[in-house]
Structure formats: structure tokens, C-alpha cells
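Peer 1: Shown below is the structure under consideration.
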2 protein chains.
Amino acid sequence: MTAHTHQTAPTQFVEANGIRFAYRRFGKAGGVPLVFNMHFTGTMDHWDPLVSDGFAKDREVILFDNAGISSSSGDVPTSVEGMVANAIAFIKALGLSQVDLLGFSLGGLVAQELALAAPKLVRRLVLVGTGPRGGDGMASLTPEAQKIFAATYDPPDHLWLGVFFTSSEASQAAGRAYLKRFRLRSEGRDPEVNQKVAPAQLEALAKWGAPRANPFEYLTAIDQPTLVINGDNDVIIYTINSYILQQNIPDAQLILYPDANHGSQYQYPERFVRHVSMFLSDQGA
Amino acid sequence: MTAHTHQTAPTQFVEANGIRFAYRRFGKAGGVPLVFNMHFTGTMDHWDPLVSDGFAKDREVILFDNAGISSSSGDVPTSVEGMVANAIAFIKALGLSQVDLLGFSLGGLVAQELALAAPKLVRRLVLVGTGPRGGDGMASLTPEAQKIFAATYDPPDHLWLGVFFTSSEASQAAGRAYLKRFRLRSEGRDPEVNQKVAPAQLEALAKWGAPRANPFEYLTAIDQPTLVINGDNDVIIYTINSYILQQNIPDAQLILYPDANHGSQYQYPERFVRHVSMFLSDQGA
């Protein structure tokens, strides 16, 4: 048990696979830690302190920048498999033999693939706002995502109001509250990602989303208990992909939140923490 | 607060709409009662005591036989609208101005329609193992349901192992435990339904399920917060119908349980009670 929180946990470093990985580790030690896997162009600072500190009450939380992201060295691989190899190296470099994985969006692709590549390393899987290989509308950015990411915003953070929240008044208000929360950490913030990150991640996303025969068959090999969570109106990775994940992963539960887009866990942070905590503590979500 | 439980609550009667309604009422009084709406050919005794007593700790539970069912007088209407008119009369006859509704399968059709027909009477809606008007595979019994209901079982209760549970060992074991639980009440049980019930209910189900233009538009008028729950492999009312309900009811949350068929709430009774209790007590399920 450390006294650190999302706001105060120092950025630490560990070397593995030729990469110097930046990470933060806080919360109640002694159990299976929960490792967070971040979305497209995000850094450790894009996680919501209400979510990370919410989990940290009961378990150890580990945030990290994968290779080529923000405070970590190296290059972003152009495939999910490459990102997974780096994530595995990072987790093992911390001396951990088993973790729970929370993956959001692109981080959810990494989490799925990591569970398959290193099954003994992963106890449970939480897949948020994400989708399967060859998923619906995943061969490229969705038309909605293209429009949202192509626009300019003042302040730039307002991008996330469109990416993560619906157009309803309630969802936008929740979005503005999230923007405040993720800016709360004032010291030792991660730098924004460099210009090489987005193209490499987009290439990895396109490979993952490309149409193929029997696209969902690989999911039947995931043997970790899995909780799939999304908003009911995700325009970045369509909500039906969460249903597809649930239907094909053998031991999976699905929760869809109302009036919510890609970032439903930031719209309902307390509810999200409660559901995931129940799932991780064997109370079946 | 009464000392009664699922096992001991006496069957009471109230007259309304020319019907003598049988009901049982127990649990913690003083808040908004939760009224249970039963499935095809079921009586008050088919509810799971782990579920009803689980809710009764925090709220008042009301079980009842709708018109023509078991201990209640009258005939089963051949339309959901007719069943709803009777259910409204029953609830008002108890002097209640607002209730929460839990509807399972056919009872979920009644609950949807009741929320639309008497919106002020209904605070929140819990729709379990059910589907929308014109839903997928709802124009008649599904092929799986036809097969399951056409077979004979020794003992007859084993019918419900096929209707409510999957073929997995874990689900069947949960099913056998449920069969024991719903037989626990030894005194004052409801008689089984008579032979006129199934044909009338099937007629009502077929009218509800018939294909039509814009089948799901009516759901957008449900303005109660709604929780939709089902198993991930419901062969009686296909699981995709729960997704459709969630996608079309404006304020709805969906939860799908793993390795579960039509009776997921009897497979995971504690988890189900926890999710529904959170939803009913404003903690967002």
C-alpha cells in the first residue's frame, strides 16, 4: 500500500526489449495488479483519475506508455502483435507473473492479443470500447471518427468531447467534467505524443480491422473470464462490436451503458469502477 | 416490514376488472414495490426464492397471477394489451400509485406495454429474457423452443432445464439447483395452470411477434429508466432481441450473462439481484 494516487504517483522507468518504458504504479499492493492499456494517441495522463483511483482503493493499478508513446523510448510498432510483444516485455520486466488487463479501444486490441499470446500472464480481461479483428466498420476509421478527428478544436482537448461522449446535454456535461479531471495532475505530466505515433497506430488498426474469413474464430481461444463494456452508441468502434466480442469469447459478460459513446467509462466512472471491481473480485461483475 | 418470505407469504386476493387476483406481498415496505410479471404458463411458484427474497431485503416484492392463471379467476386474454389492462387493474386495486416492474419473457412484453399504457404508474423497468414487437424469431416459437416444449420430461419439471439453461455442465447444475429452490415452498402452492392458458398465451405471443413496418419505433416512447438482462445464448427469445430493446429504449442499460440461456437470472441469482438492486436504488445498475 503506497500513499500515492493518480495525481502524485511518480513516473518510473524500466528497461526491456530495448525500450525504456515509463510507468506509474499505485494503489493497494498484494493482489493481482490491473494494467491499463491506452487508446489511440493517448498517454498515461488521458486516464480518468476517478477510474484509476477508484480501482486503486482495492488493488494495485499500473499505467504505462507502450513503446514510442510519450515518456517511453522506441518506436510505435505498426501491428498490434508488435505492441503486444512490447507490453509483455514490460510486464515481465516488473517481475509480475500474473496481471489483470484493462484495454480501452486500441488498448483493447492489445489486451485481447496479449491474453492469447501469453495466457498464463493474464488472469482476467476487461475490454472497453473495443472490437474484434475484422469487426464492423473497423477496416478504417469510421466515417464519424474521420470527421471528428479531422476537425480542429479550441482548446484542443475538446476533441475528446466528440470522440468519447454523445451529443446529449448530459453526456457533454459529463465530458466537460472528464476534461477537467484528466488535467488535474499538474506536476510530472506526460508529454503529448509525437507525430510518428498516429500513422503507426492507424496502420496497426487497419491491419487488425481488415476483413477476413471467419474473423471471430480467434476469440473462442480466449479462456480468461472477460468483461466487455461500452456505450450504447459508440461511433468510433461501433457498439455491435462489443456484442460480437461477448458472443464469441467463451466466458464473457457484456454491459452497455445508456446514452454513451466511445468513452462510457468516463461518463459513468463510479458505475464502471463498481462493475469492473465486482468482476475482478469474483462477484461476477 | 413483514416477517414473511417467498416460502411463507400467504396468497391473498383482491377484486378488480371482474377478476379475483391472487397475489403475495412481502419484504421491506415503505418504498416503491417491485411487481413481478411471469412467463408463459408460469405461476407465482415458478419464481426463484433466491431472487424474490434477495430483493425483499431492501424493497417490497409483489408476485401475482394475472387473469386466468392458476389461483386467479377469469380467462387469459389473447393479446398482451388485454393482459396489461388486467395487470393495471390489479396494481390500482392494491392502492398503489407507482411501482417498479420486473418482466420475464412473456411478462417482459406485459411490462413494456404497461409502461407505455400507464406511464405514471411505472417508475423503472427491468426486462429479462424478453424482446420487442416483431422481434427476431418471435413470430412463432423458435425452432429450439418448439422442440423443447414438444418433448416429454420425467419428472415434468425437467422441461425448465431445457427452457432456462444451456447444455453446459455448469448451467445444468445451476438448473437443478433452481428446480429444488422453486419446489421449496411446501404449503399454499399455486395449482398448475389449466389447459386453456397455453393456447391463449401463444396467440398473444404470436400477435406481438408478428412482422410489421418500423417494428421498434414504439420503444422510443418508453421513458422509464430500463435495465435489460439476458443470457448470452437465449434460444427461447433470441439474445439479439435484448440488444434491440437496449438500442431502441432511450434510457436503457444492457447486461448479458455468460453461458446462459433464457433463465439467466436463475443461473446467477445473486449477481442478478445485485445488478437490479443497484439499478432500482439509483446506483445505475
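Labels used: A, B, ... for chains in the order of the C-alpha cells, numbers from 1 for residues in each chain, and numbers from 1 for ligands as shown.
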Contacts of Val163 (chain A) at 10 Å or less, counting only C-alpha atoms, minus same-chain residues fewer than 3 places along, as a tab-separated table (two decimals) with N, CA and C atoms, in the first residue's frame?
Peer 2:
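Listed below is the output, out26.tsv:
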```
chain	number	residue	atom	x	y	z
A	144	GLU	N	-17.74	8.61	-38.96
A	144	GLU	CA	-17.89	9.54	-37.84
A	144	GLU	C	-16.53	9.88	-37.23
A	145	ALA	N	-15.69	8.88	-37.07
A	145	ALA	CA	-14.37	9.11	-36.48
A	145	ALA	C	-13.53	9.99	-37.40
A	148	ILE	N	-14.64	13.52	-36.90
A	148	ILE	CA	-14.29	14.05	-35.58
A	148	ILE	C	-12.78	14.33	-35.49
A	149	PHE	N	-11.96	13.41	-35.98
A	149	PHE	CA	-10.52	13.59	-35.87
A	149	PHE	C	-9.99	14.63	-36.87
A	158	HIS	N	-10.97	19.60	-26.55
A	158	HIS	CA	-12.39	19.41	-26.90
A	158	HIS	C	-12.59	18.33	-27.95
A	159	LEU	N	-11.50	17.93	-28.63
A	159	LEU	CA	-11.57	16.74	-29.48
A	159	LEU	C	-12.26	15.59	-28.75
A	160	TRP	N	-11.90	15.40	-27.48
A	160	TRP	CA	-12.38	14.22	-26.74
A	160	TRP	C	-13.86	14.29	-26.40
A	166	THR	N	-21.60	11.43	-26.26
A	166	THR	CA	-22.66	11.66	-27.25
A	166	THR	C	-22.99	13.15	-27.29
A	175	GLY	N	-18.67	14.94	-20.16
A	175	GLY	CA	-17.42	15.09	-20.90
A	175	GLY	C	-16.59	16.26	-20.39
A	234	ASP	N	-21.55	3.90	-29.61
A	234	ASP	CA	-20.13	4.15	-29.89
A	234	ASP	C	-19.96	4.39	-31.38
A	235	VAL	N	-19.54	5.58	-31.77
A	235	VAL	CA	-19.36	5.89	-33.20
A	235	VAL	C	-17.91	5.71	-33.63
A	236	ILE	N	-17.02	5.42	-32.71
A	236	ILE	CA	-15.59	5.24	-33.05
A	236	ILE	C	-15.31	3.76	-33.35
A	261	ASN	N	-21.19	7.11	-25.74
A	261	ASN	CA	-20.37	6.90	-26.93
A	261	ASN	C	-19.13	6.08	-26.54
A	262	HIS	N	-18.02	6.34	-27.17
A	262	HIS	CA	-16.81	5.53	-27.04
A	262	HIS	C	-16.22	5.53	-25.62
A	263	GLY	N	-16.44	6.61	-24.87
A	263	GLY	CA	-15.81	6.75	-23.55
A	263	GLY	C	-16.80	6.57	-22.41
```
Peer 1: May I have the residues within 9 Å of region 117-126 of chain A as an NGL selection string, using only C-alpha atoms and disregarding those fewer than 2 positions away in the same chain?
Peer 2: :A and (32 or 81 or 84-85 or 88 or 91-92 or 96-104 or 108 or 111-115 or 128 or 222-229 or 276 or 279-280)
Peer 1: For chain A, work out the contacting residues on chain B at 8 Å, counting only C-alpha atoms, and write them as a PDB file with N, CA and C atoms, in the first residue's frame.
Peer 2:
```
ATOM      1  N   ASP B 232     -26.490 -14.965 -22.700  1.00  0.00           N
ATOM      2  CA  ASP B 232     -25.861 -14.683 -23.997  1.00  0.00           C
ATOM      3  C   ASP B 232     -26.271 -15.682 -25.070  1.00  0.00           C
ATOM      4  N   GLN B 246     -32.391  -2.650 -25.911  1.00  0.00           N
ATOM      5  CA  GLN B 246     -31.456  -1.653 -25.366  1.00  0.00           C
ATOM      6  C   GLN B 246     -31.207  -0.535 -26.375  1.00  0.00           C
ATOM      7  N   GLN B 247     -31.054  -0.893 -27.642  1.00  0.00           N
ATOM      8  CA  GLN B 247     -30.696   0.100 -28.658  1.00  0.00           C
ATOM      9  C   GLN B 247     -31.852   1.058 -28.960  1.00  0.00           C
ATOM     10  N   PRO B 250     -34.890   4.692 -24.998  1.00  0.00           N
ATOM     11  CA  PRO B 250     -33.951   5.815 -24.862  1.00  0.00           C
ATOM     12  C   PRO B 250     -32.988   5.717 -23.679  1.00  0.00           C
ATOM     13  N   ASP B 251     -33.468   5.305 -22.514  1.00  0.00           N
ATOM     14  CA  ASP B 251     -32.587   5.255 -21.339  1.00  0.00           C
ATOM     15  C   ASP B 251     -32.496   3.820 -20.841  1.00  0.00           C
ATOM     16  N   ALA B 252     -31.704   3.019 -21.533  1.00  0.00           N
ATOM     17  CA  ALA B 252     -31.645   1.593 -21.211  1.00  0.00           C
ATOM     18  C   ALA B 252     -30.209   1.127 -21.081  1.00  0.00           C
ATOM     19  N   GLN B 253     -29.983   0.247 -20.125  1.00  0.00           N
ATOM     20  CA  GLN B 253     -28.690  -0.418 -19.953  1.00  0.00           C
ATOM     21  C   GLN B 253     -28.886  -1.906 -20.213  1.00  0.00           C
ATOM     22  N   LEU B 254     -27.886  -2.518 -20.837  1.00  0.00           N
ATOM     23  CA  LEU B 254     -27.961  -3.947 -21.157  1.00  0.00           C
ATOM     24  C   LEU B 254     -26.913  -4.720 -20.375  1.00  0.00           C
ATOM     25  N   ILE B 255     -27.300  -5.878 -19.838  1.00  0.00           N
ATOM     26  CA  ILE B 255     -26.330  -6.809 -19.259  1.00  0.00           C
ATOM     27  C   ILE B 255     -26.620  -8.202 -19.818  1.00  0.00           C
ATOM     28  N   LEU B 256     -25.599  -8.827 -20.407  1.00  0.00           N
ATOM     29  CA  LEU B 256     -25.710 -10.212 -20.873  1.00  0.00           C
ATOM     30  C   LEU B 256     -24.760 -11.093 -20.070  1.00  0.00           C
ATOM     31  N   TYR B 257     -25.298 -12.184 -19.535  1.00  0.00           N
ATOM     32  CA  TYR B 257     -24.501 -13.094 -18.712  1.00  0.00           C
ATOM     33  C   TYR B 257     -23.909 -14.222 -19.555  1.00  0.00           C
ATOM     34  N   PRO B 258     -22.729 -14.717 -19.165  1.00  0.00           N
ATOM     35  CA  PRO B 258     -22.063 -15.762 -19.953  1.00  0.00           C
ATOM     36  C   PRO B 258     -22.705 -17.137 -19.797  1.00  0.00           C
ATOM     37  N   ASP B 259     -22.572 -17.942 -20.864  1.00  0.00           N
ATOM     38  CA  ASP B 259     -23.005 -19.340 -20.854  1.00  0.00           C
ATOM     39  C   ASP B 259     -24.407 -19.487 -20.268  1.00  0.00           C
ATOM     40  N   ARG B 271     -25.934 -12.447  -8.508  1.00  0.00           N
ATOM     41  CA  ARG B 271     -25.440 -11.407  -9.401  1.00  0.00           C
ATOM     42  C   ARG B 271     -26.613 -10.588  -9.961  1.00  0.00           C
ATOM     43  N   GLN B 283     -28.188   3.560  -8.326  1.00  0.00           N
ATOM     44  CA  GLN B 283     -26.747   3.468  -8.467  1.00  0.00           C
ATOM     45  C   GLN B 283     -26.379   3.015  -9.874  1.00  0.00           C
ATOM     46  N   GLY B 284     -27.366   3.073 -10.777  1.00  0.00           N
ATOM     47  CA  GLY B 284     -27.054   2.817 -12.176  1.00  0.00           C
ATOM     48  C   GLY B 284     -26.692   1.386 -12.480  1.00  0.00           C
ATOM     49  N   ALA B 285     -27.398   0.431 -11.845  1.00  0.00           N
ATOM     50  CA  ALA B 285     -27.144  -0.997 -12.079  1.00  0.00           C
ATOM     51  C   ALA B 285     -25.695  -1.343 -11.846  1.00  0.00           C
TER      52      ALA B 285
END
```
Peer 1: Among region 20-202 of chain A, which ones does DSSP place in alpha helix (DSSP H), written as a ChimeraX atom specification?
Peer 2: /A:49-56,80-93,106-117,143-150,159-164,169-182,197-202
Peer 1: Once chain B is fitted onto chain A by least squares over all its in-order Cα atoms, send the moved chain as a tab-separated table (two decimals) with C-alpha atoms, in the first residue's frame.
Peer 2:
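So the final result, stored in result.tsv, reads:
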```tsv
chain	number	residue	atom	x	y	z
B	1	MET	CA	-0.08	-0.05	0.02
B	2	THR	CA	1.44	3.26	-1.04
B	3	ALA	CA	0.05	6.70	-0.32
B	4	HIS	CA	0.32	7.61	-4.00
B	5	THR	CA	-2.66	8.45	-6.16
B	6	HIS	CA	-3.25	9.12	-9.83
B	7	GLN	CA	-2.14	12.72	-9.22
B	8	THR	CA	1.01	12.03	-7.21
B	9	ALA	CA	2.37	8.68	-8.42
B	10	PRO	CA	5.84	9.38	-9.83
B	11	THR	CA	6.66	8.32	-13.36
B	12	GLN	CA	9.11	5.43	-13.07
B	13	PHE	CA	11.13	3.63	-15.74
B	14	VAL	CA	12.07	0.05	-16.53
B	15	GLU	CA	14.14	-1.35	-19.41
B	16	ALA	CA	13.01	-4.30	-21.52
B	17	ASN	CA	13.11	-5.37	-25.15
B	18	GLY	CA	15.47	-2.43	-25.84
B	19	ILE	CA	12.79	0.03	-24.68
B	20	ARG	CA	12.82	2.32	-21.66
B	21	PHE	CA	9.20	2.04	-20.50
B	22	ALA	CA	7.58	4.84	-18.48
B	23	TYR	CA	5.00	3.72	-15.94
B	24	ARG	CA	3.16	4.70	-12.76
B	25	ARG	CA	2.16	2.24	-10.09
B	26	PHE	CA	-0.14	2.97	-7.15
B	27	GLY	CA	-2.95	1.57	-5.02
B	28	LYS	CA	-3.31	-1.37	-2.69
B	29	ALA	CA	-0.48	-3.82	-3.33
B	30	GLY	CA	-0.50	-7.54	-2.64
B	31	GLY	CA	-3.03	-8.88	-5.13
B	32	VAL	CA	-3.11	-9.18	-8.90
B	33	PRO	CA	-2.33	-5.74	-10.37
B	34	LEU	CA	-4.57	-4.18	-13.00
B	35	VAL	CA	-2.60	-3.00	-16.05
B	36	PHE	CA	-4.24	-0.26	-18.17
B	37	ASN	CA	-3.79	-0.30	-21.96
B	38	MET	CA	-4.35	3.06	-23.61
B	39	HIS	CA	-6.20	4.23	-26.72
B	40	PHE	CA	-5.05	5.84	-29.99
B	41	THR	CA	-2.59	8.74	-29.36
B	42	GLY	CA	-3.23	8.65	-25.61
B	43	THR	CA	-0.69	8.88	-22.80
B	44	MET	CA	-0.84	7.89	-19.12
B	45	ASP	CA	-2.43	11.28	-18.46
B	46	HIS	CA	-5.53	10.54	-20.51
B	47	TRP	CA	-6.83	8.04	-17.95
B	48	ASP	CA	-9.56	9.34	-15.66
B	49	PRO	CA	-8.42	9.73	-12.02
B	50	LEU	CA	-11.93	8.76	-10.86
B	51	VAL	CA	-11.42	5.44	-12.61
B	52	SER	CA	-7.79	4.73	-11.71
B	53	ASP	CA	-8.09	5.95	-8.10
B	54	GLY	CA	-11.42	4.12	-7.85
B	55	PHE	CA	-9.68	0.83	-8.58
B	56	ALA	CA	-6.62	1.75	-6.51
B	57	LYS	CA	-8.64	1.55	-3.29
B	58	ASP	CA	-8.82	-2.24	-3.65
B	59	ARG	CA	-5.98	-3.21	-5.97
B	60	GLU	CA	-2.73	-2.09	-7.49
B	61	VAL	CA	-3.06	-0.04	-10.67
B	62	ILE	CA	-0.32	0.15	-13.29
B	63	LEU	CA	-0.42	2.78	-16.04
B	64	PHE	CA	2.26	2.73	-18.73
B	65	ASP	CA	3.28	4.21	-22.05
B	66	ASN	CA	3.90	1.47	-24.57
B	67	ALA	CA	6.95	1.75	-26.87
B	68	GLY	CA	7.19	5.02	-28.79
B	69	ILE	CA	4.50	6.72	-26.71
B	70	SER	CA	5.21	9.93	-24.78
B	71	SER	CA	7.72	9.27	-21.98
B	72	SER	CA	8.70	5.81	-23.26
B	73	SER	CA	11.52	5.35	-25.77
B	74	GLY	CA	11.43	3.38	-29.02
B	75	ASP	CA	9.03	3.37	-31.94
B	76	VAL	CA	5.36	2.50	-32.14
B	77	PRO	CA	5.07	-0.84	-33.95
B	78	THR	CA	2.78	-0.91	-36.99
B	79	SER	CA	0.98	-4.03	-35.76
B	80	VAL	CA	-0.96	-4.98	-32.65
B	81	GLU	CA	1.29	-8.04	-32.36
B	82	GLY	CA	4.33	-5.75	-32.11
B	83	MET	CA	2.65	-3.67	-29.40
B	84	VAL	CA	1.81	-6.86	-27.53
B	85	ALA	CA	5.40	-8.10	-27.62
B	86	ASN	CA	6.46	-4.83	-26.01
B	87	ALA	CA	3.68	-4.91	-23.42
B	88	ILE	CA	4.62	-8.47	-22.42
B	89	ALA	CA	8.25	-7.44	-22.07
B	90	PHE	CA	7.21	-4.50	-19.89
B	91	ILE	CA	5.01	-6.61	-17.59
B	92	LYS	CA	7.70	-9.28	-17.18
B	93	ALA	CA	10.34	-6.60	-16.53
B	94	LEU	CA	8.30	-5.55	-13.49
B	95	GLY	CA	8.70	-9.11	-12.20
B	96	LEU	CA	4.97	-9.83	-12.42
B	97	SER	CA	3.80	-13.37	-13.08
B	98	GLN	CA	0.09	-12.58	-13.45
B	99	VAL	CA	-1.95	-9.44	-14.10
B	100	ASP	CA	-5.48	-8.35	-14.93
B	101	LEU	CA	-5.71	-6.33	-18.14
B	102	LEU	CA	-7.95	-3.38	-18.86
B	103	GLY	CA	-7.83	-2.34	-22.52
B	104	PHE	CA	-9.63	0.65	-23.96
B	105	SER	CA	-10.15	0.96	-27.74
B	106	LEU	CA	-6.73	0.28	-29.36
B	107	GLY	CA	-5.66	-0.88	-25.88
B	108	GLY	CA	-8.48	-3.43	-26.06
B	109	LEU	CA	-6.96	-4.94	-29.20
B	110	VAL	CA	-3.63	-5.20	-27.34
B	111	ALA	CA	-5.36	-6.79	-24.33
B	112	GLN	CA	-7.13	-9.45	-26.46
B	113	GLU	CA	-3.96	-10.35	-28.30
B	114	LEU	CA	-1.88	-10.34	-25.11
B	115	ALA	CA	-4.32	-12.77	-23.46
B	116	LEU	CA	-3.83	-15.11	-26.43
B	117	ALA	CA	-0.06	-14.63	-26.76
B	118	ALA	CA	0.73	-15.03	-23.04
B	119	PRO	CA	-2.31	-16.76	-21.51
B	120	LYS	CA	-0.61	-17.59	-18.20
B	121	LEU	CA	0.30	-13.96	-17.66
B	122	VAL	CA	-3.34	-12.80	-17.79
B	123	ARG	CA	-5.91	-13.66	-15.12
B	124	ARG	CA	-8.90	-11.57	-16.28
B	125	LEU	CA	-9.70	-9.29	-19.15
B	126	VAL	CA	-11.71	-6.06	-19.26
B	127	LEU	CA	-12.40	-4.85	-22.82
B	128	VAL	CA	-13.77	-1.33	-23.05
B	129	GLY	CA	-14.96	0.44	-26.22
B	130	THR	CA	-13.20	-2.01	-28.48
B	131	GLY	CA	-13.80	-4.68	-31.09
B	132	PRO	CA	-12.68	-7.89	-32.78
B	133	ARG	CA	-10.36	-8.46	-35.72
B	134	GLY	CA	-12.35	-7.75	-38.88
B	135	GLY	CA	-15.04	-6.04	-36.80
B	136	ASP	CA	-17.90	-3.97	-38.17
B	137	GLY	CA	-16.57	-0.67	-39.54
B	138	MET	CA	-13.03	-1.41	-38.35
B	139	ALA	CA	-11.20	-1.71	-41.70
B	140	SER	CA	-10.54	2.02	-41.42
B	141	LEU	CA	-11.69	4.83	-39.16
B	142	THR	CA	-15.49	5.04	-39.22
B	143	PRO	CA	-16.96	7.97	-41.18
B	144	GLU	CA	-17.91	9.56	-37.85
B	145	ALA	CA	-14.37	9.12	-36.48
B	146	GLN	CA	-12.82	10.56	-39.66
B	147	LYS	CA	-14.97	13.65	-39.31
B	148	ILE	CA	-14.28	14.06	-35.59
B	149	PHE	CA	-10.51	13.59	-35.88
B	150	ALA	CA	-10.26	15.84	-38.99
B	151	ALA	CA	-11.81	18.87	-37.28
B	152	THR	CA	-9.83	21.40	-35.21
B	153	TYR	CA	-10.72	22.26	-31.65
B	154	ASP	CA	-10.10	25.22	-29.39
B	155	PRO	CA	-9.01	24.22	-26.85
B	156	PRO	CA	-7.55	21.06	-28.45
B	157	ASP	CA	-8.84	18.89	-25.57
B	158	HIS	CA	-12.37	19.41	-26.91
B	159	LEU	CA	-11.57	16.74	-29.48
B	160	TRP	CA	-12.38	14.22	-26.76
B	161	LEU	CA	-15.89	15.58	-26.23
B	162	GLY	CA	-16.71	14.28	-29.72
B	163	VAL	CA	-14.68	11.08	-29.51
B	164	PHE	CA	-15.87	9.89	-26.10
B	165	PHE	CA	-19.32	11.44	-25.49
B	166	THR	CA	-22.67	11.67	-27.26
B	167	SER	CA	-24.26	14.94	-28.33
B	168	SER	CA	-26.78	14.87	-25.47
B	169	GLU	CA	-26.58	17.59	-22.87
B	170	ALA	CA	-25.99	15.09	-20.07
B	171	SER	CA	-23.19	13.32	-21.93
B	172	GLN	CA	-21.46	16.56	-22.93
B	173	ALA	CA	-21.63	17.79	-19.32
B	174	ALA	CA	-20.03	14.52	-18.20
B	175	GLY	CA	-17.42	15.09	-20.90
B	176	ARG	CA	-16.50	18.54	-19.66
B	177	ALA	CA	-16.13	17.12	-16.14
B	178	TYR	CA	-13.82	14.41	-17.50
B	179	LEU	CA	-11.68	17.01	-19.31
B	180	LYS	CA	-11.18	18.82	-16.02
B	181	ARG	CA	-10.30	15.60	-14.21
B	182	PHE	CA	-7.66	14.45	-16.68
B	183	ARG	CA	-5.97	17.85	-16.47
B	184	LEU	CA	-5.86	17.79	-12.65
B	185	ARG	CA	-2.40	16.25	-12.45
B	186	SER	CA	-0.20	19.33	-12.57
B	187	GLU	CA	3.31	17.98	-11.98
B	188	GLY	CA	5.22	15.35	-13.91
B	189	ARG	CA	2.70	15.08	-16.74
B	190	ASP	CA	3.42	13.02	-19.81
B	191	PRO	CA	4.34	15.00	-22.95
B	192	GLU	CA	1.86	14.70	-25.83
B	193	VAL	CA	2.79	11.99	-28.36
B	194	ASN	CA	4.99	12.90	-31.33
B	195	GLN	CA	3.89	12.98	-34.98
B	196	LYS	CA	5.07	9.45	-35.74
B	197	VAL	CA	2.56	7.86	-33.33
B	198	ALA	CA	-0.77	8.34	-35.12
B	199	PRO	CA	0.31	6.96	-38.51
B	200	ALA	CA	1.87	3.84	-36.95
B	201	GLN	CA	-1.17	3.21	-34.75
B	202	LEU	CA	-3.53	3.74	-37.71
B	203	GLU	CA	-1.57	1.17	-39.69
B	204	ALA	CA	-1.90	-1.31	-36.84
B	205	LEU	CA	-5.63	-0.57	-36.52
B	206	ALA	CA	-6.18	-1.08	-40.27
B	207	LYS	CA	-4.38	-4.45	-40.24
B	208	TRP	CA	-6.49	-5.54	-37.27
B	209	GLY	CA	-9.75	-4.39	-38.82
B	210	ALA	CA	-9.17	-5.78	-42.31
B	211	PRO	CA	-11.91	-8.17	-43.49
B	212	ARG	CA	-11.03	-11.86	-43.43
B	213	ALA	CA	-12.62	-15.32	-43.41
B	214	ASN	CA	-14.09	-16.48	-40.08
B	215	PRO	CA	-12.99	-13.24	-38.44
B	216	PHE	CA	-14.20	-14.03	-34.94
B	217	GLU	CA	-12.94	-17.59	-34.59
B	218	TYR	CA	-9.77	-16.48	-32.79
B	219	LEU	CA	-11.92	-15.18	-29.93
B	220	THR	CA	-13.01	-18.70	-28.98
B	221	ALA	CA	-9.43	-19.33	-27.80
B	222	ILE	CA	-9.58	-16.60	-25.13
B	223	ASP	CA	-10.03	-18.60	-21.95
B	224	GLN	CA	-9.84	-15.78	-19.43
B	225	PRO	CA	-13.08	-14.59	-17.83
B	226	THR	CA	-13.84	-11.40	-19.72
B	227	LEU	CA	-15.99	-8.34	-19.10
B	228	VAL	CA	-16.93	-6.31	-22.19
B	229	ILE	CA	-18.17	-2.75	-21.57
B	230	ASN	CA	-19.19	0.00	-23.94
B	231	GLY	CA	-21.57	2.86	-24.55
B	232	ASP	CA	-24.74	2.03	-26.45
B	233	ASN	CA	-23.88	4.46	-29.25
B	234	ASP	CA	-20.14	4.14	-29.88
B	235	VAL	CA	-19.38	5.88	-33.19
B	236	ILE	CA	-15.61	5.25	-33.05
B	237	ILE	CA	-15.71	1.45	-32.72
B	238	TYR	CA	-19.36	0.59	-33.30
B	239	THR	CA	-21.21	-0.85	-30.31
B	240	ILE	CA	-22.19	-4.01	-32.19
B	241	ASN	CA	-18.51	-5.00	-31.97
B	242	SER	CA	-18.83	-5.27	-28.19
B	243	TYR	CA	-21.78	-7.61	-28.72
B	244	ILE	CA	-19.66	-9.66	-31.16
B	245	LEU	CA	-16.82	-9.89	-28.61
B	246	GLN	CA	-19.26	-11.12	-25.95
B	247	GLN	CA	-20.89	-13.64	-28.28
B	248	ASN	CA	-17.58	-15.22	-29.30
B	249	ILE	CA	-15.40	-15.15	-26.18
B	250	PRO	CA	-16.42	-18.28	-24.26
B	251	ASP	CA	-16.70	-16.76	-20.77
B	252	ALA	CA	-17.72	-13.16	-21.33
B	253	GLN	CA	-20.25	-10.77	-19.83
B	254	LEU	CA	-21.45	-7.66	-21.65
B	255	ILE	CA	-22.56	-4.34	-20.17
B	256	LEU	CA	-23.77	-1.46	-22.36
B	257	TYR	CA	-24.41	1.94	-20.78
B	258	PRO	CA	-27.21	4.28	-21.90
B	259	ASP	CA	-26.73	7.46	-23.94
B	260	ALA	CA	-22.99	6.83	-24.17
B	261	ASN	CA	-20.39	6.88	-26.93
B	262	HIS	CA	-16.82	5.52	-27.04
B	263	GLY	CA	-15.81	6.76	-23.55
B	264	SER	CA	-18.68	5.36	-21.47
B	265	GLN	CA	-16.30	4.63	-18.58
B	266	TYR	CA	-15.56	8.35	-18.27
B	267	GLN	CA	-19.27	9.21	-18.43
B	268	TYR	CA	-20.18	6.79	-15.63
B	269	PRO	CA	-16.87	6.38	-13.74
B	270	GLU	CA	-18.36	5.23	-10.41
B	271	ARG	CA	-20.68	2.72	-12.07
B	272	PHE	CA	-17.83	1.46	-14.25
B	273	VAL	CA	-15.49	1.00	-11.28
B	274	ARG	CA	-18.22	-0.83	-9.37
B	275	HIS	CA	-18.98	-3.23	-12.22
B	276	VAL	CA	-15.34	-3.95	-13.00
B	277	SER	CA	-14.41	-4.30	-9.32
B	278	MET	CA	-17.18	-6.86	-8.81
B	279	PHE	CA	-15.94	-8.76	-11.85
B	280	LEU	CA	-12.29	-8.70	-10.75
B	281	SER	CA	-13.16	-9.74	-7.19
B	282	ASP	CA	-15.09	-12.82	-8.33
B	283	GLN	CA	-18.53	-11.42	-7.69
B	284	GLY	CA	-19.37	-11.78	-11.36
B	285	ALA	CA	-19.41	-8.08	-12.29
```
Peer 1: DSSP on the backbone, strand (DSSP E or B) only: what residues of region 45-129 of chain A does that give? Format it as a PyMOL selection string.
Peer 2: chain A and resi 60-65+99-104+122-128
